[in-house]
Amino acid sequence: MEEKLLTPDEVNSLRKELPQWEVNQSLLRREWQFNNFIDAFGFITKVALLAEARNHHPDWSNIYAQVIIQLTTHDLGGLSHKDVELAKAINLLE
């Protein structure tokens, strides 16, 4: 299946479908606060395995116990179903 950008209506529906994520036309963004660096790094490791299995990799940062993840499909310049699928999989890690 050829990957394509989500329509504006699909992006708008994500606000209800993924309420924990900040949603705009070009990316999904979410922050987590953990108790310490080890917990944050463990979470990042789990996300890395999910991303690698999907061959779809997030932009992220880690500052001590904080993790910020941004999802976008760089090839297309915006959001695709790959981003939605990865966001849902990440949500299941909690």
# chains A, B, ... in the order shown; residues from 1 in each chain; ligands from 1
$ select_by_dssp --residues "range 8-87 of chain A" --states "alpha helix (DSSP H)" --output "count of residues only"
35
$ select_by_dssp --residues "chain A" --states "strand (DSSP E)" --output "PyMOL selection string"
chain A and resi 22-23+28-33+59-63+66-71
$ write_last_selection --atoms "N, CA, C and O atoms" --output "PDB file, in the first residue's frame"
ATOM      1  N   GLU A  22      -0.397  15.944  21.280  1.00  0.00           N
ATOM      2  CA  GLU A  22      -0.660  17.214  20.606  1.00  0.00           C
ATOM      3  C   GLU A  22      -0.698  16.895  19.114  1.00  0.00           C
ATOM      4  O   GLU A  22       0.175  16.192  18.611  1.00  0.00           O
ATOM      5  N   VAL A  23      -1.702  17.411  18.432  1.00  0.00           N
ATOM      6  CA  VAL A  23      -1.891  17.087  17.019  1.00  0.00           C
ATOM      7  C   VAL A  23      -1.893  18.365  16.199  1.00  0.00           C
ATOM      8  O   VAL A  23      -2.587  19.325  16.530  1.00  0.00           O
ATOM      9  N   LEU A  28       2.665  14.654  15.353  1.00  0.00           N
ATOM     10  CA  LEU A  28       2.102  14.281  16.645  1.00  0.00           C
ATOM     11  C   LEU A  28       3.222  14.483  17.658  1.00  0.00           C
ATOM     12  O   LEU A  28       4.378  14.125  17.395  1.00  0.00           O
ATOM     13  N   ARG A  29       2.885  15.040  18.831  1.00  0.00           N
ATOM     14  CA  ARG A  29       3.904  15.310  19.853  1.00  0.00           C
ATOM     15  C   ARG A  29       3.358  14.936  21.219  1.00  0.00           C
ATOM     16  O   ARG A  29       2.201  15.220  21.539  1.00  0.00           O
ATOM     17  N   ARG A  30       4.223  14.317  22.023  1.00  0.00           N
ATOM     18  CA  ARG A  30       3.822  13.950  23.380  1.00  0.00           C
ATOM     19  C   ARG A  30       5.031  13.987  24.298  1.00  0.00           C
ATOM     20  O   ARG A  30       6.153  13.692  23.877  1.00  0.00           O
ATOM     21  N   GLU A  31       4.785  14.359  25.548  1.00  0.00           N
ATOM     22  CA  GLU A  31       5.826  14.392  26.576  1.00  0.00           C
ATOM     23  C   GLU A  31       5.490  13.416  27.689  1.00  0.00           C
ATOM     24  O   GLU A  31       4.326  13.226  28.020  1.00  0.00           O
ATOM     25  N   TRP A  32       6.527  12.817  28.255  1.00  0.00           N
ATOM     26  CA  TRP A  32       6.394  11.939  29.428  1.00  0.00           C
ATOM     27  C   TRP A  32       7.364  12.423  30.483  1.00  0.00           C
ATOM     28  O   TRP A  32       8.475  12.869  30.166  1.00  0.00           O
ATOM     29  N   GLN A  33       6.980  12.277  31.738  1.00  0.00           N
ATOM     30  CA  GLN A  33       7.862  12.564  32.862  1.00  0.00           C
ATOM     31  C   GLN A  33       7.974  11.290  33.692  1.00  0.00           C
ATOM     32  O   GLN A  33       6.966  10.768  34.167  1.00  0.00           O
ATOM     33  N   ASP A  59      11.272  11.315  16.047  1.00  0.00           N
ATOM     34  CA  ASP A  59      12.193  12.343  16.527  1.00  0.00           C
ATOM     35  C   ASP A  59      11.944  12.400  18.024  1.00  0.00           C
ATOM     36  O   ASP A  59      10.783  12.446  18.457  1.00  0.00           O
ATOM     37  N   TRP A  60      13.003  12.391  18.821  1.00  0.00           N
ATOM     38  CA  TRP A  60      12.783  12.423  20.261  1.00  0.00           C
ATOM     39  C   TRP A  60      13.931  13.097  20.972  1.00  0.00           C
ATOM     40  O   TRP A  60      15.003  13.282  20.433  1.00  0.00           O
ATOM     41  N   SER A  61      13.642  13.472  22.219  1.00  0.00           N
ATOM     42  CA  SER A  61      14.687  13.991  23.081  1.00  0.00           C
ATOM     43  C   SER A  61      14.460  13.434  24.477  1.00  0.00           C
ATOM     44  O   SER A  61      13.348  13.050  24.853  1.00  0.00           O
ATOM     45  N   ASN A  62      15.557  13.373  25.211  1.00  0.00           N
ATOM     46  CA  ASN A  62      15.527  12.872  26.579  1.00  0.00           C
ATOM     47  C   ASN A  62      16.394  13.790  27.420  1.00  0.00           C
ATOM     48  O   ASN A  62      17.570  13.972  27.133  1.00  0.00           O
ATOM     49  N   ILE A  63      15.782  14.396  28.421  1.00  0.00           N
ATOM     50  CA  ILE A  63      16.505  15.217  29.382  1.00  0.00           C
ATOM     51  C   ILE A  63      16.206  14.637  30.751  1.00  0.00           C
ATOM     52  O   ILE A  63      15.077  14.743  31.240  1.00  0.00           O
ATOM     53  N   GLN A  66      12.724  13.211  31.537  1.00  0.00           N
ATOM     54  CA  GLN A  66      11.705  13.660  30.576  1.00  0.00           C
ATOM     55  C   GLN A  66      12.014  13.090  29.193  1.00  0.00           C
ATOM     56  O   GLN A  66      13.161  13.087  28.750  1.00  0.00           O
ATOM     57  N   VAL A  67      10.951  12.619  28.529  1.00  0.00           N
ATOM     58  CA  VAL A  67      11.059  12.140  27.152  1.00  0.00           C
ATOM     59  C   VAL A  67      10.032  12.885  26.316  1.00  0.00           C
ATOM     60  O   VAL A  67       8.871  13.002  26.712  1.00  0.00           O
ATOM     61  N   ILE A  68      10.450  13.396  25.187  1.00  0.00           N
ATOM     62  CA  ILE A  68       9.559  14.065  24.235  1.00  0.00           C
ATOM     63  C   ILE A  68       9.677  13.313  22.912  1.00  0.00           C
ATOM     64  O   ILE A  68      10.781  13.090  22.415  1.00  0.00           O
ATOM     65  N   ILE A  69       8.528  12.924  22.385  1.00  0.00           N
ATOM     66  CA  ILE A  69       8.498  12.215  21.099  1.00  0.00           C
ATOM     67  C   ILE A  69       7.650  13.013  20.118  1.00  0.00           C
ATOM     68  O   ILE A  69       6.551  13.459  20.453  1.00  0.00           O
ATOM     69  N   GLN A  70       8.181  13.151  18.906  1.00  0.00           N
ATOM     70  CA  GLN A  70       7.445  13.744  17.796  1.00  0.00           C
ATOM     71  C   GLN A  70       7.418  12.739  16.658  1.00  0.00           C
ATOM     72  O   GLN A  70       8.449  12.142  16.331  1.00  0.00           O
ATOM     73  N   LEU A  71       6.246  12.562  16.090  1.00  0.00           N
ATOM     74  CA  LEU A  71       6.071  11.637  14.971  1.00  0.00           C
ATOM     75  C   LEU A  71       5.630  12.410  13.745  1.00  0.00           C
ATOM     76  O   LEU A  71       4.706  13.227  13.805  1.00  0.00           O
TER      77      LEU A  71
END
$ residues_around --residues "Leu18 in chain A" --least-positions-apart "6" --cutoff "10 Å" --atoms "only C-alpha atoms" --output "NGL selection string"
:A and (28 or 84 or 87-88 or 91)
$ write_last_selection --atoms "all heavy atoms" --output "PDB file, in the first residue's frame"
ATOM      1  N   LEU A  28       2.665  14.654  15.353  1.00  0.00           N
ATOM      2  CA  LEU A  28       2.102  14.281  16.645  1.00  0.00           C
ATOM      3  C   LEU A  28       3.222  14.483  17.658  1.00  0.00           C
ATOM      4  O   LEU A  28       4.378  14.125  17.395  1.00  0.00           O
ATOM      5  CB  LEU A  28       1.678  12.815  16.668  1.00  0.00           C
ATOM      6  CG  LEU A  28       0.581  12.394  15.709  1.00  0.00           C
ATOM      7  CD1 LEU A  28       0.414  10.877  15.731  1.00  0.00           C
ATOM      8  CD2 LEU A  28      -0.728  13.063  16.090  1.00  0.00           C
ATOM      9  N   VAL A  84       0.232   7.373  13.134  1.00  0.00           N
ATOM     10  CA  VAL A  84      -0.903   7.002  13.992  1.00  0.00           C
ATOM     11  C   VAL A  84      -0.671   5.616  14.584  1.00  0.00           C
ATOM     12  O   VAL A  84      -0.850   5.411  15.795  1.00  0.00           O
ATOM     13  CB  VAL A  84      -2.227   7.049  13.204  1.00  0.00           C
ATOM     14  CG1 VAL A  84      -3.386   6.576  14.070  1.00  0.00           C
ATOM     15  CG2 VAL A  84      -2.477   8.456  12.666  1.00  0.00           C
ATOM     16  N   ALA A  87       2.041   5.838  17.261  1.00  0.00           N
ATOM     17  CA  ALA A  87       1.539   6.527  18.452  1.00  0.00           C
ATOM     18  C   ALA A  87       0.655   5.596  19.288  1.00  0.00           C
ATOM     19  O   ALA A  87       0.782   5.535  20.516  1.00  0.00           O
ATOM     20  CB  ALA A  87       0.758   7.782  18.058  1.00  0.00           C
ATOM     21  N   LYS A  88      -0.212   4.852  18.635  1.00  0.00           N
ATOM     22  CA  LYS A  88      -1.077   3.907  19.358  1.00  0.00           C
ATOM     23  C   LYS A  88      -0.252   2.813  20.032  1.00  0.00           C
ATOM     24  O   LYS A  88      -0.535   2.430  21.170  1.00  0.00           O
ATOM     25  CB  LYS A  88      -2.100   3.300  18.398  1.00  0.00           C
ATOM     26  CG  LYS A  88      -3.183   4.265  17.984  1.00  0.00           C
ATOM     27  CD  LYS A  88      -4.140   3.597  17.013  1.00  0.00           C
ATOM     28  CE  LYS A  88      -5.261   4.538  16.603  1.00  0.00           C
ATOM     29  NZ  LYS A  88      -6.194   3.892  15.657  1.00  0.00           N
ATOM     30  N   ASN A  91       1.390   4.255  23.085  1.00  0.00           N
ATOM     31  CA  ASN A  91       0.408   4.407  24.169  1.00  0.00           C
ATOM     32  C   ASN A  91       0.221   3.099  24.951  1.00  0.00           C
ATOM     33  O   ASN A  91      -0.026   3.130  26.153  1.00  0.00           O
ATOM     34  CB  ASN A  91      -0.940   4.867  23.615  1.00  0.00           C
ATOM     35  CG  ASN A  91      -0.979   6.337  23.272  1.00  0.00           C
ATOM     36  OD1 ASN A  91      -0.064   7.099  23.613  1.00  0.00           O
ATOM     37  ND2 ASN A  91      -2.017   6.740  22.583  1.00  0.00           N
TER      38      ASN A  91
END
$ atom_distance --atom1 "CA of Thr45 in chain A" --atom2 "CA of Arg15 in chain A"
26.4 Å
$ residues_around --residues "Asn55 in chain A" --least-positions-apart "4" --cutoff "12 Å" --atoms "only C-alpha atoms" --output "PyMOL selection string"
chain A and resi 47-51+73+82-83+85-86
$ atom_distance --atom1 "CA of Arg54 in chain A" --atom2 "CA of Thr72 in chain A"
13.5 Å
$ atom_distance --atom1 "CA of Gly77 in chain A" --atom2 "CA of Lys4 in chain A"
9.9 Å
